[in-house]
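One file, entry_15.tsv, is given below (TSV, C-alpha atoms and all ligand atoms).
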chain	number	residue	atom	x	y	z
A	15	MET	CA	0.00	0.00	0.00
A	16	SER	CA	1.37	3.40	-0.81
A	17	VAL	CA	0.78	5.71	2.08
A	18	ALA	CA	-0.69	9.22	2.08
A	19	ARG	CA	1.84	12.05	2.36
A	20	ARG	CA	-0.79	14.76	2.12
A	21	ILE	CA	-4.50	14.67	2.86
A	22	PRO	CA	-7.10	17.02	1.40
A	23	VAL	CA	-10.04	18.06	3.57
A	24	LEU	CA	-13.23	18.84	1.69
A	25	MET	CA	-15.65	21.45	3.00
A	26	TYR	CA	-19.33	21.31	2.09
A	27	HIS	CA	-22.12	23.45	3.50
A	28	ARG	CA	-25.78	22.74	2.63
A	29	VAL	CA	-26.97	19.85	0.48
A	30	GLY	CA	-30.36	20.49	-1.14
A	31	ALA	CA	-32.23	22.54	-3.72
A	32	THR	CA	-30.74	25.87	-4.85
A	33	HIS	CA	-32.61	29.01	-5.92
A	34	ASN	CA	-30.06	31.68	-6.83
A	35	ASP	CA	-26.37	32.05	-7.68
A	36	TRP	CA	-25.35	32.62	-4.06
A	37	GLU	CA	-27.04	29.38	-3.04
A	38	ARG	CA	-25.52	27.59	-6.02
A	39	ARG	CA	-22.12	28.39	-4.58
A	40	TYR	CA	-22.79	27.25	-1.01
A	41	CYS	CA	-25.24	24.43	-1.62
A	42	VAL	CA	-24.80	21.22	-3.57
A	43	PRO	CA	-27.89	19.53	-5.06
A	44	PRO	CA	-28.38	15.95	-3.76
A	45	SER	CA	-27.79	14.20	-7.10
A	46	LEU	CA	-24.59	16.19	-7.62
A	47	PHE	CA	-23.36	15.30	-4.13
A	48	ALA	CA	-23.85	11.61	-4.98
A	49	GLY	CA	-21.97	12.23	-8.25
A	50	HIS	CA	-19.10	13.87	-6.34
A	51	MET	CA	-18.72	10.90	-3.99
A	52	GLN	CA	-18.94	8.37	-6.83
A	53	LYS	CA	-16.28	10.26	-8.77
A	54	LEU	CA	-13.88	10.25	-5.81
A	55	ALA	CA	-14.52	6.54	-5.21
A	56	ALA	CA	-13.89	5.82	-8.91
A	57	ARG	CA	-10.54	7.62	-8.53
A	58	GLY	CA	-9.63	5.19	-5.74
A	59	MET	CA	-10.17	7.77	-3.02
A	60	CYS	CA	-11.64	6.93	0.36
A	61	ALA	CA	-12.94	9.13	3.18
A	62	CYS	CA	-11.11	8.67	6.48
A	63	SER	CA	-12.50	9.35	9.93
A	64	LEU	CA	-11.59	12.47	11.89
A	65	ASP	CA	-9.79	10.29	14.48
A	66	ASP	CA	-7.71	8.68	11.73
A	67	PHE	CA	-6.91	12.08	10.24
A	68	PHE	CA	-5.55	13.38	13.55
A	69	ALA	CA	-3.71	10.10	14.26
A	70	TRP	CA	-2.09	10.45	10.82
A	71	LEU	CA	-1.27	14.11	11.48
A	72	ALA	CA	0.40	13.15	14.77
A	73	GLY	CA	2.47	10.51	12.96
A	74	ASP	CA	0.82	7.69	14.92
A	75	LYS	CA	-0.85	6.05	11.95
A	76	GLU	CA	-0.40	5.62	8.20
A	77	LEU	CA	-3.34	6.03	5.86
A	78	PRO	CA	-3.58	4.81	2.26
A	79	GLU	CA	-2.84	7.24	-0.53
A	80	GLY	CA	-6.13	8.73	-1.74
A	81	SER	CA	-7.45	9.28	1.79
A	82	PHE	CA	-9.41	12.46	2.32
A	83	LEU	CA	-11.51	13.98	5.09
A	84	LEU	CA	-15.09	15.08	4.49
A	85	THR	CA	-16.52	18.00	6.49
A	86	PHE	CA	-19.84	19.84	6.48
A	87	ASP	CA	-20.06	23.29	8.05
A	88	ASP	CA	-23.16	24.64	9.82
A	89	GLY	CA	-25.20	21.44	10.38
A	90	PHE	CA	-27.90	21.86	7.76
A	91	LEU	CA	-30.81	19.43	7.88
A	92	GLY	CA	-30.21	18.71	4.17
A	93	VAL	CA	-26.93	17.00	5.06
A	94	CYS	CA	-28.88	14.51	7.16
A	95	GLU	CA	-31.60	14.12	4.51
A	96	HIS	CA	-29.48	13.92	1.36
A	97	ALA	CA	-25.78	13.35	2.10
A	98	ALA	CA	-26.02	10.86	4.97
A	99	PRO	CA	-27.81	8.16	2.91
A	100	VAL	CA	-25.16	8.39	0.16
A	101	LEU	CA	-22.33	8.17	2.69
A	102	ARG	CA	-23.96	5.33	4.61
A	103	GLU	CA	-24.15	3.35	1.37
A	104	MET	CA	-20.43	3.94	0.79
A	105	ASN	CA	-19.54	3.39	4.42
A	106	TRP	CA	-17.73	6.74	4.50
A	107	PRO	CA	-17.54	8.79	7.72
A	108	ALA	CA	-17.86	12.57	7.84
A	109	THR	CA	-17.73	15.42	10.33
A	110	VAL	CA	-20.29	18.16	10.85
A	111	PHE	CA	-19.46	21.48	12.54
A	112	LEU	CA	-22.51	22.65	14.48
A	113	VAL	CA	-23.64	26.14	15.49
A	114	SER	CA	-24.47	25.16	19.04
A	115	GLN	CA	-27.15	27.74	19.88
A	116	LEU	CA	-29.03	27.21	16.61
A	117	ILE	CA	-29.49	23.45	16.77
A	118	GLY	CA	-32.98	22.62	15.49
A	119	LYS	CA	-33.39	26.23	14.29
A	120	GLU	CA	-32.40	28.02	11.06
A	121	ASP	CA	-29.28	29.56	9.51
A	122	GLU	CA	-30.07	33.07	10.79
A	123	TRP	CA	-26.57	34.36	9.94
A	124	CYS	CA	-27.18	33.66	6.22
A	125	ARG	CA	-30.19	35.97	5.90
A	126	SER	CA	-28.02	39.00	5.39
A	127	HIS	CA	-25.83	37.18	2.84
A	128	ASN	CA	-28.40	35.32	0.76
A	129	PRO	CA	-29.84	37.81	-1.79
A	130	SER	CA	-33.30	36.24	-1.49
A	131	GLY	CA	-33.17	36.50	2.33
A	132	ALA	CA	-34.17	32.83	2.56
A	133	SER	CA	-33.10	30.69	5.48
A	134	TYR	CA	-32.86	26.94	5.82
A	135	PRO	CA	-33.38	24.46	8.68
A	136	LEU	CA	-30.52	23.12	10.76
A	137	MET	CA	-30.41	19.65	12.30
A	138	ALA	CA	-32.08	19.02	15.63
A	139	LYS	CA	-30.86	16.66	18.34
A	140	GLU	CA	-32.80	13.66	16.92
A	141	GLN	CA	-31.06	13.93	13.56
A	142	ILE	CA	-27.68	14.44	15.19
A	143	GLU	CA	-28.22	11.32	17.30
A	144	ALA	CA	-29.27	9.30	14.25
A	145	MET	CA	-26.20	10.43	12.30
A	146	ARG	CA	-23.83	9.63	15.16
A	147	GLY	CA	-25.09	6.06	14.92
A	148	MET	CA	-24.02	6.10	11.24
A	149	GLY	CA	-20.43	7.16	11.92
A	150	PHE	CA	-20.75	10.94	11.71
A	151	THR	CA	-18.86	13.01	14.25
A	152	PHE	CA	-19.87	16.49	15.42
A	153	HIS	CA	-17.70	19.40	16.47
A	154	SER	CA	-17.92	23.14	17.00
A	155	HIS	CA	-18.68	25.98	14.61
A	156	THR	CA	-19.17	28.40	17.56
A	157	ARG	CA	-22.46	29.38	19.24
A	158	LEU	CA	-23.99	31.80	16.72
A	159	HIS	CA	-21.64	31.84	13.71
A	160	PRO	CA	-20.07	35.32	14.12
A	161	ASP	CA	-16.93	36.55	12.38
A	162	LEU	CA	-14.68	35.82	15.37
A	163	THR	CA	-12.15	38.49	14.42
A	164	THR	CA	-14.72	41.23	15.14
A	165	LEU	CA	-15.57	40.16	18.71
A	166	SER	CA	-14.35	41.50	22.05
A	167	ASP	CA	-12.21	39.14	24.12
A	168	ALA	CA	-15.18	38.31	26.35
A	169	GLN	CA	-17.49	37.59	23.39
A	170	LEU	CA	-14.78	35.52	21.78
A	171	ALA	CA	-14.35	33.40	24.88
A	172	ASP	CA	-18.11	32.92	25.11
A	173	GLU	CA	-18.46	31.83	21.49
A	174	LEU	CA	-15.54	29.40	21.72
A	175	ALA	CA	-15.72	27.92	25.21
A	176	GLY	CA	-19.52	28.29	25.31
A	177	SER	CA	-19.99	26.27	22.15
A	178	ARG	CA	-17.77	23.50	23.50
A	179	GLN	CA	-19.84	23.42	26.69
A	180	ASP	CA	-23.13	23.38	24.74
A	181	LEU	CA	-22.00	20.50	22.55
A	182	GLN	CA	-20.39	18.53	25.35
A	183	ALA	CA	-23.68	18.73	27.22
A	184	LEU	CA	-25.67	17.74	24.12
A	185	LEU	CA	-23.44	14.88	22.95
A	186	ASP	CA	-21.90	13.81	26.26
A	187	GLU	CA	-18.41	13.60	24.80
A	188	PRO	CA	-15.37	15.89	24.47
A	189	ILE	CA	-15.45	18.49	21.66
A	190	PRO	CA	-11.81	19.10	20.70
A	191	TYR	CA	-12.24	20.53	17.20
A	192	LEU	CA	-13.44	23.84	15.77
A	193	ALA	CA	-14.18	25.26	12.31
A	194	TYR	CA	-13.86	29.07	12.20
A	195	PRO	CA	-17.08	30.67	10.86
A	196	TYR	CA	-16.40	32.10	7.37
A	197	GLY	CA	-12.88	30.75	7.88
A	198	ARG	CA	-12.12	34.08	9.61
A	199	TYR	CA	-9.42	34.03	12.25
A	200	ASP	CA	-6.32	35.92	13.27
A	201	GLU	CA	-3.61	35.38	15.87
A	202	ARG	CA	-5.88	36.51	18.72
A	203	VAL	CA	-8.68	34.14	17.63
A	204	LEU	CA	-6.21	31.28	17.25
A	205	LYS	CA	-4.89	31.82	20.79
A	206	ALA	CA	-8.44	32.10	22.14
A	207	ALA	CA	-9.39	28.80	20.47
A	208	GLN	CA	-6.41	27.18	22.15
A	209	ALA	CA	-7.31	28.75	25.51
A	210	ALA	CA	-10.92	27.53	25.14
A	211	GLY	CA	-9.61	23.97	25.01
A	212	TYR	CA	-9.70	23.16	21.31
A	213	GLN	CA	-6.85	20.96	20.11
A	214	ALA	CA	-7.14	21.91	16.44
A	215	ALA	CA	-9.15	24.17	14.14
A	216	PHE	CA	-10.15	24.11	10.48
A	217	SER	CA	-9.68	27.14	8.22
A	218	VAL	CA	-10.83	27.74	4.65
A	219	GLN	CA	-7.31	28.24	3.36
A	220	PRO	CA	-7.09	25.91	0.34
A	221	GLY	CA	-4.31	23.39	-0.18
A	222	PHE	CA	-3.26	19.96	1.02
A	223	ASN	CA	-2.46	19.09	4.61
A	224	ARG	CA	0.94	17.59	5.27
A	225	ARG	CA	2.06	16.43	8.67
A	226	ASP	CA	3.67	19.80	9.35
A	227	VAL	CA	0.42	21.77	8.95
A	228	HIS	CA	-0.27	24.09	11.89
A	229	PRO	CA	-3.00	22.36	13.95
A	230	TYR	CA	-5.06	25.59	14.23
A	231	ARG	CA	-4.76	26.35	10.51
A	232	ILE	CA	-5.87	23.11	8.90
A	233	ARG	CA	-6.56	23.66	5.23
A	234	ARG	CA	-9.75	22.82	3.43
A	235	LEU	CA	-10.94	22.81	-0.15
A	236	ASP	CA	-14.23	24.64	-0.69
A	237	VAL	CA	-16.68	22.56	-2.73
A	238	PHE	CA	-19.18	24.67	-4.66
A	239	GLY	CA	-22.61	23.66	-5.91
A	240	THR	CA	-21.38	24.51	-9.40
A	241	ASP	CA	-18.50	22.00	-9.28
A	242	THR	CA	-19.08	19.09	-11.63
A	243	PRO	CA	-17.66	15.74	-10.46
A	244	ALA	CA	-14.74	16.25	-12.88
A	245	MET	CA	-14.06	19.73	-11.43
A	246	LEU	CA	-14.08	18.31	-7.90
A	247	ALA	CA	-11.62	15.61	-8.94
A	248	ARG	CA	-9.31	18.33	-10.31
A	249	LYS	CA	-9.60	20.38	-7.10
A	250	VAL	CA	-8.62	17.35	-5.06
A	251	PHE	CA	-5.76	16.47	-7.40
A	252	PHE	CA	-4.30	19.97	-7.33
A	253	GLY	CA	-5.25	20.91	-3.77
A	254	SER	CA	-6.87	24.06	-5.14
A	255	ASN	CA	-10.31	25.69	-5.12
A	256	ASP	CA	-9.93	26.20	-8.86
A	257	GLY	CA	-11.33	23.09	-10.56
A	258	SER	CA	-11.16	24.55	-14.07
A	259	TRP	CA	-9.22	23.14	-16.99
A	260	ARG	CA	-7.11	26.30	-16.98
A	261	GLN	CA	-5.61	25.09	-13.70
A	262	THR	CA	-4.69	21.77	-15.29
A	263	LEU	CA	-3.13	23.47	-18.30
A	264	ASN	CA	-1.13	25.84	-16.10
A	265	TYR	CA	0.14	22.93	-14.03
A	266	TYR	CA	1.40	20.96	-17.00
A	267	GLY	CA	2.69	24.15	-18.63
A	268	GLU	CA	4.78	24.88	-15.51
A	269	ARG	CA	6.09	21.32	-15.43
A	270	VAL	CA	7.19	21.55	-19.04
A	271	LYS	CA	8.83	24.94	-18.41
A	272	SER	CA	10.64	23.64	-15.35
A	273	ARG	CA	11.83	20.59	-17.26
A	274	LEU	CA	13.19	22.92	-19.93
A	275	GLY	CA	14.95	24.93	-17.25
A	276	LEU	CA	12.80	27.98	-17.86
A	277	ARG	CA	11.51	27.95	-14.33
A	278	THR	CA	12.81	26.19	-11.29
A	279	GLU	CA	10.47	26.82	-8.40
A	280	GLY	CA	7.88	24.16	-7.54
A	281	THR	CA	4.25	24.63	-8.38
A	282	ASN	CA	1.17	24.34	-6.32
A	283	GLN	CA	2.17	22.48	-3.23
A	301	ZN	ZN	-20.38	28.28	8.53
The structure given in the file should be rewritten as structure tokens.
Ligand SMILES: [Zn+2]
Amino acid sequence: MSVARRIPVLMYHRVGATHNDWERRYCVPPSLFAGHMQKLAARGMCACSLDDFFAWLAGDKELPEGSFLLTFDDGFLGVCEHAAPVLREMNWPATVFLVSQLIGKEDEWCRSHNPSGASYPLMAKEQIEAMRGMGFTFHSHTRLHPDLTTLSDAQLADELAGSRQDLQALLDEPIPYLAYPYGRYDERVLKAAQAAGYQAAFSVQPGFNRRDVHPYRIRRLDVFGTDTPAMLARKVFFGSNDGSWRQTLNYYGERVKSRLGLRTEGTNQ
């Protein structure tokens, strides 16, 4: 078995029907989600569990080449309705980052971003319980999904430590991992996440994760609702949010140039 030297982490948000261009970016229709997973499986890829990912990161475990981690931000009900059945069929685990004070409610923070002002339901405790039985794991996406960089120190501590407490009480297990809302963080937020007891945090910085990745800056690839299965496969291959053919052409163009001695620095690591 060849072993993984770098592991991509995929980030999805909602899975369901889309009604405008903004939603088409942040929401993947159910049939397309199934197509994404089938494409990755056809490429010999396999989703690993969050525990395996961190054991690999710590150097305690090897994982096969083609391993990737699947994450869903926000905890939309559509993930339970549409993505969970696909993943159960494939026996692939995934992680959901929950907004702990909005469990069983709606994505209030999106109303000001979605041009139609629509909001969508988030999972309630029953759905979370059912998904845990299917191998899903749940971690923190703060209490109310604020941009953490804009908060006072006291608010920041409440959003970070408070969300851990909420979820520990709900799930009766430790909550060591965080995904920064909007991927927004700075040095102060990173230190606060550490102080609140998180052991690692996921950003939205694209790229692969190697074992030397900073544990509070784990990289993720953003999957859009407009990504065809072939585009997703290219994103995963290149470790980039750009799944276009242009990316592929640039990559091979750079390789040719470097072989000809026209350019020596590496590309796209
Ligand atoms: Zn989010």
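Restricting the calculation to all atoms listed in the file, the smallest distance between ligand ZN 301 (chain A) and any of A:His33, A:Lys271, A:Arg157, A:Arg233 is found for A:Arg157.
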Pick out the residues sitting within 8 Å of Tyr191 of chain A, and hand them over as a PDB file with C-alpha atoms, keeping the file's coordinate frame; count all atoms listed in the file, and ignore anything fewer than 3 positions along from it in its own chain.
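New file part.pdb:
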ATOM      1  CA  HIS A 153     -17.700  19.400  16.470  1.00  0.00           C
ATOM      2  CA  SER A 154     -17.920  23.140  17.000  1.00  0.00           C
ATOM      3  CA  TYR A 212      -9.700  23.160  21.310  1.00  0.00           C
ATOM      4  CA  GLN A 213      -6.850  20.960  20.110  1.00  0.00           C
ATOM      5  CA  ALA A 214      -7.140  21.910  16.440  1.00  0.00           C
ATOM      6  CA  ALA A 215      -9.150  24.170  14.140  1.00  0.00           C
ATOM      7  CA  PHE A 216     -10.150  24.110  10.480  1.00  0.00           C
TER       8      PHE A 216
END
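When the distance limit is 9 Å and all atoms listed in the file are what count, the residues near segment 99-104 of chain A, minus those fewer than 3 positions from it on the same chain, are A:Phe47, A:Ala48, A:Met51, A:Gln52, A:Ala55, A:Cys94, A:Glu95, A:His96, A:Pro107, A:Ala108, A:Met148, A:Gly149.
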Task: All residues having an atom within 7 Å of ligand ZN 301 (chain A) (only C-alpha atoms and all ligand atoms) as an MDAnalysis selection string - done: chainID A and resid 87:88 155 159 195:196
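Nearest to Leu77 of chain A of all the residues A:Met25, A:Val17, A:Met145, A:Leu136 is A:Val17, based on all atoms listed in the file.
The list of residues with at least one atom within 7 Å of Ser63 of chain A, based on only C-alpha atoms and without residues fewer than 2 positions apart in the same chain, reads Ala61, Asp65, Asp66, Phe67, Leu83, Pro107 and Ala108 of chain A.
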Once you count all atoms listed in the file, what closest atom pair and distance in Å to one decimal does each residue of segment 80-183 of chain A within 12 Å of segment 246-254 of chain A have, with rows by chain and rising residue number, as CSV?
residue,atom,partner,partner_atom,distance
A:Gly80,CA,A:Val250,CA,9.6
A:Ser81,CA,A:Val250,CA,10.6
A:Phe82,CA,A:Val250,CA,8.9
A:Leu83,CA,A:Val250,CA,11.1
A:Leu84,CA,A:Val250,CA,11.8
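Here atom CA of Gly257 of chain A and atom CA of Ala244 of chain A stand 8.0 Å from one another.
Every residue within 10 Å of the file position (2.2, 12.2, -0.6), judged by only C-alpha atoms, is given as Ser16, Val17, Ala18, Arg19, Arg20, Ile21, Pro78, Glu79, Gly80, Phe222, Asn223 and Arg224 of chain A.
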